[in-house]
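**Q** To be precise about what I am sending: the file is called start.txt and holds compact mmCIF, C-alpha atoms.
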# COMPACT_ATOMS: atom_id res chain seq x y z
CA MET A 1 24.42 19.47 -5.98
CA GLY A 2 23.74 18.76 -2.35
CA LYS A 3 23.82 15.48 -0.41
CA HIS A 4 20.50 14.21 -1.72
CA LYS A 5 21.42 14.40 -5.43
CA LEU A 6 24.87 12.96 -4.83
CA ARG A 7 23.32 10.05 -2.93
CA VAL A 8 20.85 9.39 -5.78
CA LEU A 9 23.61 9.45 -8.40
CA TRP A 10 25.66 7.01 -6.30
CA ARG A 11 22.70 4.62 -6.06
CA LEU A 12 22.18 4.69 -9.81
CA ALA A 13 25.88 4.06 -10.42
CA VAL A 14 26.08 0.99 -8.14
CA CYS A 15 22.65 -0.52 -8.95
CA GLY A 16 23.03 -4.30 -9.31
CA THR A 17 26.73 -4.29 -8.38
CA PRO A 18 28.65 -5.73 -5.38
CA ALA A 19 28.64 -2.26 -3.81
CA LEU A 20 25.08 -2.96 -2.64
CA ALA A 21 24.24 -5.64 -0.07
CA PRO A 22 23.34 -8.98 -1.73
CA ILE A 23 20.04 -10.81 -1.40
CA PHE A 24 19.54 -14.59 -1.45
CA LEU A 25 16.76 -16.42 -3.28
CA LEU A 26 15.64 -20.03 -2.72
CA VAL A 27 15.56 -22.32 -5.76
CA PRO A 28 12.24 -24.22 -5.73
CA THR A 29 13.72 -27.58 -6.80
CA ALA A 30 16.69 -27.74 -4.42
CA ARG A 31 17.87 -26.37 -1.10
CA ILE A 32 20.27 -24.02 -2.84
CA GLY A 33 20.42 -20.29 -2.31
CA ILE A 34 21.23 -18.11 -5.30
CA GLY A 35 23.04 -14.90 -4.38
CA ARG A 36 22.18 -11.80 -6.37
CA HIS A 37 23.31 -8.20 -6.15
CA ALA A 38 20.46 -6.07 -4.92
CA PRO A 39 18.89 -3.34 -7.10
CA CYS A 40 19.07 0.21 -5.81
CA GLY A 41 15.28 0.64 -5.89
CA ASP A 42 15.57 4.39 -6.47
CA ARG A 43 12.68 6.04 -8.31
CA HIS A 44 15.14 7.77 -10.67
CA CYS A 45 16.73 4.49 -11.79
CA PRO A 46 15.66 3.27 -15.26
CA ARG A 47 16.57 -0.33 -14.34
CA CYS A 48 14.34 -0.46 -11.26
CA LEU A 49 11.33 1.40 -12.67
CA ALA A 50 10.05 -1.47 -14.84
CA ALA A 51 8.96 -3.63 -11.90
CA LYS A 52 7.51 -0.63 -10.06
CA SER A 53 5.54 0.34 -13.16
CA ARG A 54 3.92 -3.11 -13.39
CA GLN A 55 3.03 -3.14 -9.70
CA TRP A 56 1.54 0.36 -9.85
CA LEU A 57 -0.34 -0.44 -13.03
CA GLN A 58 -2.00 -3.53 -11.60
CA LYS A 59 -3.36 -1.37 -8.80
CA GLN A 60 -4.61 1.34 -11.16
CA THR A 61 -6.57 -1.08 -13.35
CA GLN A 62 -9.05 -1.43 -10.49
CA SER A 63 -10.12 2.19 -11.09
CA LEU A 64 -10.56 2.17 -14.88
CA LEU A 65 -13.98 2.90 -16.38
CA PRO A 66 -15.46 1.84 -19.77
CA ILE A 67 -15.18 5.34 -21.23
CA PRO A 68 -12.72 7.35 -23.36
CA TYR A 69 -9.97 9.31 -21.59
CA PHE A 70 -8.40 12.65 -22.52
CA HIS A 71 -4.74 13.59 -22.19
CA CYS A 72 -3.92 17.19 -21.21
CA VAL A 73 -0.43 18.67 -20.78
CA PHE A 74 0.13 21.78 -18.63
CA THR A 75 3.48 23.52 -19.27
CA LEU A 76 5.12 26.34 -17.32
CA PRO A 77 6.77 29.15 -19.36
CA ALA A 78 10.56 29.24 -19.55
CA GLU A 79 10.66 32.51 -17.57
CA LEU A 80 9.78 30.49 -14.46
CA ASN A 81 12.49 27.83 -14.82
CA SER A 82 15.11 29.35 -12.53
CA LEU A 83 12.53 30.10 -9.83
CA VAL A 84 11.09 26.58 -10.02
CA LEU A 85 14.54 25.00 -9.81
CA ALA A 86 15.31 26.98 -6.67
CA ASN A 87 11.94 26.18 -5.04
CA GLN A 88 10.95 22.69 -6.16
CA ARG A 89 9.33 21.69 -2.86
CA ARG A 90 6.99 24.68 -3.02
CA LEU A 91 6.27 25.15 -6.72
CA TYR A 92 5.81 21.56 -7.91
CA PRO A 93 2.86 21.05 -5.51
CA LEU A 94 1.48 24.42 -6.69
CA LEU A 95 1.68 23.20 -10.29
CA PHE A 96 -0.23 20.02 -9.38
CA GLU A 97 -2.90 21.88 -7.43
CA CYS A 98 -3.53 24.62 -10.02
CA ALA A 99 -3.77 22.22 -12.96
CA ALA A 100 -6.08 19.82 -11.12
CA GLN A 101 -8.31 22.54 -9.70
CA SER A 102 -8.63 24.16 -13.13
CA LEU A 103 -9.86 20.88 -14.63
CA LEU A 104 -12.16 20.16 -11.69
CA GLU A 105 -13.66 23.64 -11.86
CA PHE A 106 -14.43 23.27 -15.56
CA GLY A 107 -15.91 19.86 -14.88
CA ARG A 108 -18.25 21.18 -12.19
CA ASN A 109 -19.35 24.16 -14.32
CA ARG A 110 -19.82 22.37 -17.64
CA LEU A 111 -20.58 18.78 -16.67
CA GLN A 112 -22.13 19.31 -13.23
CA GLY A 113 -19.94 16.71 -11.60
CA ASP A 114 -16.45 15.62 -10.61
CA LEU A 115 -13.87 14.38 -13.09
CA GLY A 116 -11.28 11.70 -12.44
CA ILE A 117 -7.69 12.96 -12.89
CA THR A 118 -4.31 11.23 -12.76
CA ALA A 119 -1.47 13.78 -12.92
CA VAL A 120 2.16 12.86 -13.61
CA LEU A 121 5.06 15.31 -13.24
CA HIS A 122 7.77 15.40 -15.92
CA THR A 123 10.62 17.89 -15.80
CA TRP A 124 12.67 17.07 -18.88
CA GLY A 125 12.84 17.63 -22.60
CA GLN A 126 14.37 15.31 -25.20
CA LYS A 127 17.83 16.87 -24.71
CA LEU A 128 17.66 16.60 -20.89
CA ASP A 129 16.99 20.34 -20.65
CA PHE A 130 14.74 21.60 -17.86
CA HIS A 131 11.13 21.61 -19.05
CA PRO A 132 8.62 21.24 -16.18
CA HIS A 133 5.20 20.08 -17.30
CA LEU A 134 2.31 18.02 -16.04
CA HIS A 135 0.59 15.19 -17.91
CA CYS A 136 -3.04 14.73 -16.87
CA ILE A 137 -5.15 11.76 -17.91
CA VAL A 138 -8.77 12.85 -17.46
CA THR A 139 -12.03 10.91 -17.63
CA ALA A 140 -14.33 11.85 -20.51
CA GLY A 141 -17.18 12.76 -18.22
CA ALA A 142 -18.04 13.50 -14.61
CA LEU A 143 -19.90 11.82 -11.76
CA SER A 144 -22.79 13.82 -10.32
CA PRO A 145 -22.59 14.88 -6.65
CA ASP A 146 -25.30 12.38 -5.68
CA ARG A 147 -23.33 9.61 -7.49
CA LYS A 148 -26.41 8.56 -9.46
CA GLN A 149 -25.64 10.00 -12.91
CA TRP A 150 -22.67 10.16 -15.28
CA HIS A 151 -22.47 13.28 -17.45
CA SER A 152 -20.49 12.94 -20.67
CA PRO A 153 -19.32 15.91 -22.80
CA LYS A 154 -21.41 16.73 -25.85
CA GLN A 155 -18.40 16.87 -28.17
CA ARG A 156 -16.01 13.94 -28.60
CA LYS A 157 -12.90 15.61 -30.02
CA PHE A 158 -12.05 17.76 -26.99
CA LEU A 159 -13.07 18.04 -23.37
CA PHE A 160 -12.91 21.80 -22.66
CA PRO A 161 -11.87 24.94 -24.61
CA LEU A 162 -8.09 25.05 -24.30
CA ARG A 163 -7.67 28.83 -24.26
CA ALA A 164 -10.17 29.29 -21.46
CA LEU A 165 -8.69 26.40 -19.48
CA GLY A 166 -5.15 27.73 -20.02
CA ALA A 167 -6.15 31.22 -18.86
CA LEU A 168 -7.69 29.81 -15.69
CA PHE A 169 -4.58 27.72 -14.98
CA ARG A 170 -2.31 30.73 -15.57
CA GLY A 171 -4.37 32.91 -13.22
CA LYS A 172 -4.42 30.29 -10.45
CA PHE A 173 -0.67 29.62 -10.65
CA LEU A 174 0.37 33.28 -10.73
CA ALA A 175 -2.00 34.10 -7.87
CA GLY A 176 -0.46 31.34 -5.77
CA LEU A 177 3.03 32.44 -6.78
CA ALA A 178 2.32 36.06 -5.82
CA GLN A 179 1.05 34.96 -2.43
CA MET A 180 4.24 32.97 -1.80
CA LEU A 181 6.40 35.91 -2.85
CA ASP A 182 4.50 38.30 -0.58
CA SER A 183 4.94 35.98 2.40
CA ALA A 184 8.68 35.49 1.60
CA GLU A 185 8.30 31.72 1.26
CA LEU A 186 10.52 31.39 -1.81
CA HIS A 187 14.23 31.60 -2.47
CA LEU A 188 14.81 34.22 -5.19
CA PRO A 189 17.65 33.38 -7.61
CA ASP A 190 17.12 36.73 -9.37
CA SER A 191 17.70 39.79 -7.21
CA GLN A 192 15.46 41.84 -9.53
CA LEU A 193 12.41 40.12 -8.05
CA THR A 194 13.13 41.83 -4.72
CA ILE A 195 12.45 45.21 -6.38
CA PRO A 196 8.67 45.88 -6.47
CA ALA A 197 8.72 47.62 -9.87
CA SER A 198 10.78 44.87 -11.51
CA CYS A 199 8.62 42.18 -9.93
CA ALA A 200 5.46 43.89 -11.22
CA ARG A 201 6.87 44.03 -14.78
CA TRP A 202 7.83 40.36 -14.53
CA PHE A 203 4.30 39.39 -13.48
CA SER A 204 2.83 41.56 -16.23
CA LEU A 205 4.95 39.69 -18.78
CA LEU A 206 3.79 36.33 -17.46
CA TYR A 207 0.14 37.40 -17.50
CA SER A 208 0.41 38.67 -21.08
CA LYS A 209 1.87 35.39 -22.38
CA ARG A 210 -0.32 32.58 -23.60
CA TRP A 211 0.65 29.57 -21.55
CA VAL A 212 1.01 26.32 -23.46
CA LEU A 213 -1.80 23.88 -22.78
CA TYR A 214 -1.83 20.89 -25.07
CA ALA A 215 -4.59 18.29 -25.36
CA LYS A 216 -4.08 15.08 -27.29
CA ARG A 217 -6.85 13.20 -29.00
CA PRO A 218 -8.87 11.06 -26.58
CA PHE A 219 -7.98 7.46 -25.90
CA GLY A 220 -10.33 4.91 -27.37
CA GLY A 221 -11.07 3.21 -24.08
CA ALA A 222 -9.77 1.74 -20.88
CA GLN A 223 -7.45 -0.74 -22.62
CA GLN A 224 -5.60 2.03 -24.47
CA VAL A 225 -5.21 3.95 -21.24
CA LEU A 226 -3.78 0.83 -19.65
CA ARG A 227 -1.12 0.46 -22.34
CA TYR A 228 -0.32 4.17 -22.24
CA LEU A 229 0.08 4.25 -18.47
CA ALA A 230 2.37 1.22 -18.55
CA ASN A 231 4.82 3.02 -20.85
CA TYR A 232 4.50 6.56 -19.57
CA THR A 233 3.94 7.06 -15.85
CA HIS A 234 7.17 5.57 -14.53
CA ARG A 235 9.71 7.31 -16.73
CA VAL A 236 12.97 9.02 -15.93
CA ALA A 237 14.82 11.74 -17.76
CA LEU A 238 16.82 9.27 -19.83
CA SER A 239 16.45 5.52 -20.32
CA ASN A 240 19.42 3.22 -20.82
CA ARG A 241 18.41 2.29 -24.35
CA ARG A 242 18.86 5.91 -25.51
CA ILE A 243 22.55 5.95 -24.51
CA ILE A 244 24.38 4.68 -27.58
CA ALA A 245 28.03 5.51 -26.81
CA PHE A 246 30.41 6.86 -24.20
CA ASP A 247 34.01 7.86 -24.74
CA VAL A 248 36.22 7.28 -21.71
CA GLN A 249 39.18 9.09 -23.22
CA HIS A 250 37.29 12.26 -24.11
CA GLN A 251 34.85 11.97 -21.19
CA SER A 252 31.71 12.27 -23.32
CA VAL A 253 28.30 10.60 -23.59
CA THR A 254 26.19 10.24 -26.75
CA PHE A 255 22.45 9.61 -26.66
CA THR A 256 19.52 9.83 -29.06
CA TYR A 257 16.67 12.32 -28.98
CA ARG A 258 13.69 13.25 -31.12
CA ASP A 259 13.68 16.64 -32.77
CA TYR A 260 10.00 17.59 -32.68
CA ARG A 261 10.68 20.82 -34.59
CA HIS A 262 11.74 18.79 -37.62
CA GLY A 263 9.18 16.05 -37.93
CA SER A 264 10.24 14.04 -34.83
CA GLN A 265 13.48 13.01 -36.52
CA LEU A 266 15.73 10.76 -34.43
CA LYS A 267 19.08 12.49 -33.88
CA GLU A 268 22.18 12.07 -31.76
CA LEU A 269 23.60 14.46 -29.16
CA THR A 270 27.05 14.28 -27.58
CA LEU A 271 27.70 15.96 -24.23
CA SER A 272 30.70 16.10 -21.98
CA ALA A 273 30.44 13.88 -18.91
CA LEU A 274 30.10 16.88 -16.60
CA GLU A 275 27.37 18.46 -18.70
CA PHE A 276 25.55 15.13 -18.96
CA ILE A 277 25.56 14.70 -15.17
CA ARG A 278 24.51 18.32 -14.68
CA ARG A 279 21.53 17.96 -16.99
CA PHE A 280 20.45 14.64 -15.50
CA SER A 281 20.69 16.07 -11.99
CA LEU A 282 18.18 18.79 -12.89
CA HIS A 283 15.50 16.09 -12.85
CA ILE A 284 16.28 14.49 -9.49
CA LEU A 285 13.24 15.33 -7.39
CA PRO A 286 13.44 16.31 -3.71
CA SER A 287 12.98 13.42 -1.31
CA GLY A 288 9.38 12.80 -0.32
CA LEU A 289 7.87 14.69 -3.26
CA VAL A 290 5.08 12.62 -4.86
CA ARG A 291 5.20 12.83 -8.65
CA ILE A 292 1.99 10.88 -9.44
CA ARG A 293 -1.19 12.25 -7.87
CA HIS A 294 -4.92 11.62 -8.20
CA TYR A 295 -7.82 14.04 -7.96
CA GLY A 296 -11.61 14.10 -8.18
CA ILE A 297 -13.28 10.70 -8.13
CA LEU A 298 -9.82 9.11 -8.25
CA GLY A 299 -8.72 10.80 -5.03
CA ASN A 300 -7.52 8.35 -2.39
CA ASN A 301 -10.25 9.36 0.05
CA ARG A 302 -13.13 8.68 -2.36
CA ARG A 303 -11.85 6.41 -5.14
CA LYS A 304 -13.36 3.12 -3.96
CA ARG A 305 -16.81 4.58 -3.31
CA ASP A 306 -17.06 6.73 -6.46
CA ILE A 307 -15.62 4.18 -8.89
CA GLN A 308 -18.11 1.58 -7.68
CA ALA A 309 -20.95 4.07 -8.15
CA ALA A 310 -19.76 4.98 -11.68
CA ARG A 311 -19.42 1.33 -12.69
CA ALA A 312 -22.92 0.62 -11.42
CA ILE A 313 -24.21 3.39 -13.72
CA PHE A 314 -22.43 1.92 -16.75
CA GLU A 315 -23.60 -1.61 -15.95
CA ARG A 316 -27.19 -0.37 -16.02
CA ARG A 317 -26.40 1.09 -19.45
CA GLY A 318 -24.97 -2.24 -20.62
CA ARG A 319 -21.36 -1.02 -20.76
CA ALA A 320 -19.25 -3.49 -18.82
CA LEU A 321 -15.50 -3.09 -18.46
CA GLU A 322 -13.38 -5.80 -20.11
CA LEU A 323 -9.64 -5.74 -19.53
CA GLN A 324 -6.89 -7.99 -20.78
CA PRO A 325 -4.32 -8.35 -17.99
CA GLN A 326 -1.86 -10.04 -20.34
CA SER A 327 -1.34 -6.67 -22.10
CA VAL A 328 1.22 -5.82 -19.42
CA PRO A 329 3.07 -9.08 -18.75
CA ASP A 330 5.29 -9.50 -15.72
CA LYS A 331 8.21 -11.71 -16.68
CA PRO A 332 9.07 -14.07 -13.79
CA MET A 333 12.70 -14.67 -12.88
CA THR A 334 13.77 -18.25 -13.55
CA CYS A 335 16.37 -20.43 -11.85
CA PRO A 336 19.69 -20.64 -13.74
CA LEU A 337 19.92 -24.36 -12.77
CA CYS A 338 16.46 -25.78 -13.48
CA GLN A 339 14.93 -22.90 -15.51
CA LYS A 340 11.79 -22.91 -13.33
CA PRO A 341 10.10 -19.86 -11.75
CA GLY A 342 9.05 -19.57 -8.13
CA PHE A 343 11.95 -17.89 -6.34
CA ARG A 344 11.42 -16.95 -2.71
CA LEU A 345 13.42 -14.40 -0.71
CA VAL A 346 15.17 -16.29 2.08
CA ALA A 347 17.93 -13.97 3.30
CA PHE A 348 19.26 -10.45 3.13
CA THR A 349 22.16 -8.45 4.48
CA ASP A 350 21.67 -5.27 6.47
CA ALA A 351 23.66 -2.04 6.42
CA ALA A 352 26.20 -3.53 8.86
CA GLY A 353 26.82 -6.51 6.57
CA LEU A 354 25.08 -9.05 8.82
CA LEU A 355 23.22 -11.90 7.12
CA HIS A 356 19.57 -12.42 8.17
CA LEU A 357 17.84 -15.71 7.28
CA ILE A 358 14.05 -15.80 6.96
CA GLY A 359 13.19 -19.16 8.55
CA VAL A 360 14.34 -21.60 5.88
CA GLY A 361 17.00 -23.67 7.60
CA PRO A 362 20.50 -24.33 6.26
CA LEU A 363 21.25 -23.41 2.65
CA LEU A 364 23.98 -24.14 0.16
CA CYS A 365 24.75 -20.71 -1.28
CA ASP A 366 25.90 -20.11 -4.81
CA SER A 367 26.89 -16.46 -5.26
CA SER A 368 27.90 -16.80 -8.90
Turn this file's structure into structure tokens for me.
**A**
Amino acid sequence: MGKHKLRVLWRLAVCGTPALAPIFLLVPTARIGIGRHAPCGDRHCPRCLAAKSRQWLQKQTQSLLPIPYFHCVFTLPAELNSLVLANQRRLYPLLFECAAQSLLEFGRNRLQGDLGITAVLHTWGQKLDFHPHLHCIVTAGALSPDRKQWHSPKQRKFLFPLRALGALFRGKFLAGLAQMLDSAELHLPDSQLTIPASCARWFSLLYSKRWVLYAKRPFGGAQQVLRYLANYTHRVALSNRRIIAFDVQHQSVTFTYRDYRHGSQLKELTLSALEFIRRFSLHILPSGLVRIRHYGILGNNRRKRDIQAARAIFERRGRALELQPQSVPDKPMTCPLCQKPGFRLVAFTDAAGLLHLIGVGPLLCDSS
């Protein structure tokens, strides 16, 4: 697996246990410190993602517009799976760039402006198999280059023709892949790709296939996008609630999945412990790889300026944005003694086990 994946699996296993350094919280009604086992904070941990999702979502609400949003899914063919697994640092960014540039190019040609795109990388299927794909939430319209007009699509059921968009995405990705292969930037798990004739046949097969590009019906407005993002962006390959049983004696794990080939029926799958860990490890991303990216008017270098310009256009049209922050509640932690919220971090332990107080004076510590 490598050191990185083993370290991630260890963090997930000890999350919220004494194996991690404790933190101390000050009770608001008394000078008593409550000791708690620290969370691992890893982005692959289903326990720690809930808080991160709320924090990220609150920031993203500042960029929502009073318009519908489309949901597009870009999927790589199964013939690329082994190559992607062996070159995640190189091919995941290529997937992001090709999908985003395909959408932006269609937006400039058909809407004469720049779209807003939020792209989220998922690598799993319902059975934890390797299935790399990109979810893109796209604005239903584009901002003109002079930032004075908003151009909406004429049709409401779809944004762009899917076949044409899929062909452009396929061409961009395979062109980038060919360039990487020519410059020997990739590790080749299949020795046949080192033979020019075999590599040419492989590329011909990929070009002849119709790549899967799926577009869901548009969201009704900003509030629906808000609810969708809260439940979707910060996901991992398997949440805790889907694990329904584990057998220590037979070393097996049972979890639920939806069979989309048979009407989305909810079924159960039992895997050996080794196979379960192997499948889960397929979806541990390399360190430093960003899995949520923004493009167009949502790009970090232009978001504030362009979103303000777009909102000014809609305000002149009488379309103000109304959000309900309570749709994504953040449950505060309460004191086990007085049942009141308002905890404050007052101390932590470092890697050497030393306790560091944060300017609160003496405390009576209860580590129960």
**Q** What does the distance from CA of Cys136 (chain A) to CA of Ser204 (chain A) come to in Å, to one decimal?
**A**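 Result for CA of Cys136 (chain A) versus CA of Ser204 (chain A): 27.5 Å, one decimal.
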**Q** Once you add 5 Å to each side, what are the centre and edge lengths of the axis-aligned box holding all listed atoms of region 212-223 of chain A? One decimal in Å, as lines of an AutoDock Vina configuration file, if you can.
**A**
center_x = -5.0
center_y = 12.8
center_z = -24.9
size_x = 22.1
size_y = 37.1
size_z = 18.1
**Q** Tell me which of A:Asp114, A:Glu97, A:Glu185, A:Asp129 sits closest to Lys172 (chain A), counting all atoms listed in the file.
**A**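 Residue with the minimum atom-to-atom distance to Lys172 (chain A): A:Glu97.
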**Q** Could you check which residues have any atom within 10 Å of (-12.0, 8.0, -4.5), counting all atoms listed in the file with coordinates taken straight from the file, and then list them as a list in words?
**A**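 The distance filter leaves exactly Ser63, Gly116, His294, Tyr295, Gly296, Ile297, Leu298, Gly299, Asn300, Asn301, Arg302, Arg303, Lys304, Arg305, Asp306, Ile307 and Gln308 of chain A.
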**Q** Can you work out which one of A:Ser183, A:Gln88, A:Thr254, A:Ser287 has the shortest atom-to-atom distance to Leu271 (chain A), counting all atoms listed in the file?
**A**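 Looking at the shortest contact to Leu271 (chain A), the residue is A:Thr254.
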**Q** Residues at most 12 Å from Arg319 (chain A), counting only C-alpha atoms, excluding those fewer than 2 positions away in the same chain, as a PyMOL selection string?
**A** chain A and resi 65-67+221-222+310-317+321-322
**Q** CA of Gln149 (chain A) to CA of Phe70 (chain A): how many Å, to one decimal?
**A** 19.9 Å
**Q** Taking 2 positions as the minimum chain separation for residues in the same chain, which residues sit within 8 Å of Val73 (chain A) when counting all atoms listed in the file? Answer as a ChimeraX atom specification.
**A** /A:71,75,133-136,213-215
**Q** Excluding Lys5 (chain A) and any residue of its chain fewer than 2 positions from it, enumerate the residues within 12 Å of it, using only C-alpha atoms, and give them as a PyMOL selection string.
**A** chain A and resi 1-3+7-12+42+44+277-278+280-287
**Q** Could you check which of A:Thr139, A:Gln192, A:Thr123, A:Gln60 is closest to Cys72 (chain A), using all atoms listed in the file?
**A**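 Once distances to Cys72 (chain A) are computed over all atoms listed in the file, the minimum belongs to A:Thr139.
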**Q** Can you work out which one of A:Thr61, A:Ser198, A:Asn240, A:Thr233 has the shortest atom-to-atom distance to Pro46 (chain A), counting only C-alpha atoms?
**A**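 Among A:Thr61, A:Ser198, A:Asn240, A:Thr233, it is A:Asn240 that comes nearest to Pro46 (chain A).
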**Q** Please, what distance in Å, to one decimal, runs between CA of Asp182 (chain A) and CA of Thr194 (chain A)?
**A**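 That distance, rounded to one decimal, is 10.2 Å.
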**Q** Which of these, A:Leu188, A:Leu177, A:Leu143, A:Val225, has the shortest distance to Leu94 (chain A) once you count only C-alpha atoms?
**A**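 Closest to Leu94 (chain A), using only C-alpha atoms: A:Leu177.
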**Q** Which is closest to Arg147 (chain A) among A:Ser264, A:Gln112, A:Asn231, A:Thr256, if we use all atoms listed in the file?
**A**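 Selected residue with least distance to Arg147 (chain A): A:Gln112.
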**Q** Using all atoms listed in the file, which protein or nucleic acid residues come within 9 Å of Tyr207 (chain A)? Drop anything in the same chain fewer than 3 positions from it, and give the result as a list in words.
**A** Ala167, Arg170, Gly171, Leu174, Trp202, Phe203, Ser204, Arg210 and Trp211 of chain A
**Q** Give me, as a list in words, all polymer residues having an atom no more than 12 Å from Lys157 (chain A), counting all atoms listed in the file and skipping those fewer than 5 positions away in the same chain.
**A** Pro68, Tyr69, Phe70, His71, Ala140, Ala215, Lys216, Arg217, Pro218, Phe219 and Gly220 of chain A
**Q** May I have the selected residues written with C-alpha atoms, as an mmCIF file, in the frame of the given file?
**A**
data_model
loop_
_atom_site.group_PDB
_atom_site.id
_atom_site.type_symbol
_atom_site.label_atom_id
_atom_site.label_comp_id
_atom_site.auth_asym_id
_atom_site.auth_seq_id
_atom_site.Cartn_x
_atom_site.Cartn_y
_atom_site.Cartn_z
ATOM 1 C CA PRO A 68 -12.720 7.350 -23.360
ATOM 2 C CA TYR A 69 -9.970 9.310 -21.590
ATOM 3 C CA PHE A 70 -8.400 12.650 -22.520
ATOM 4 C CA HIS A 71 -4.740 13.590 -22.190
ATOM 5 C CA ALA A 140 -14.330 11.850 -20.510
ATOM 6 C CA ALA A 215 -4.590 18.290 -25.360
ATOM 7 C CA LYS A 216 -4.080 15.080 -27.290
ATOM 8 C CA ARG A 217 -6.850 13.200 -29.000
ATOM 9 C CA PRO A 218 -8.870 11.060 -26.580
ATOM 10 C CA PHE A 219 -7.980 7.460 -25.900
ATOM 11 C CA GLY A 220 -10.330 4.910 -27.370
#
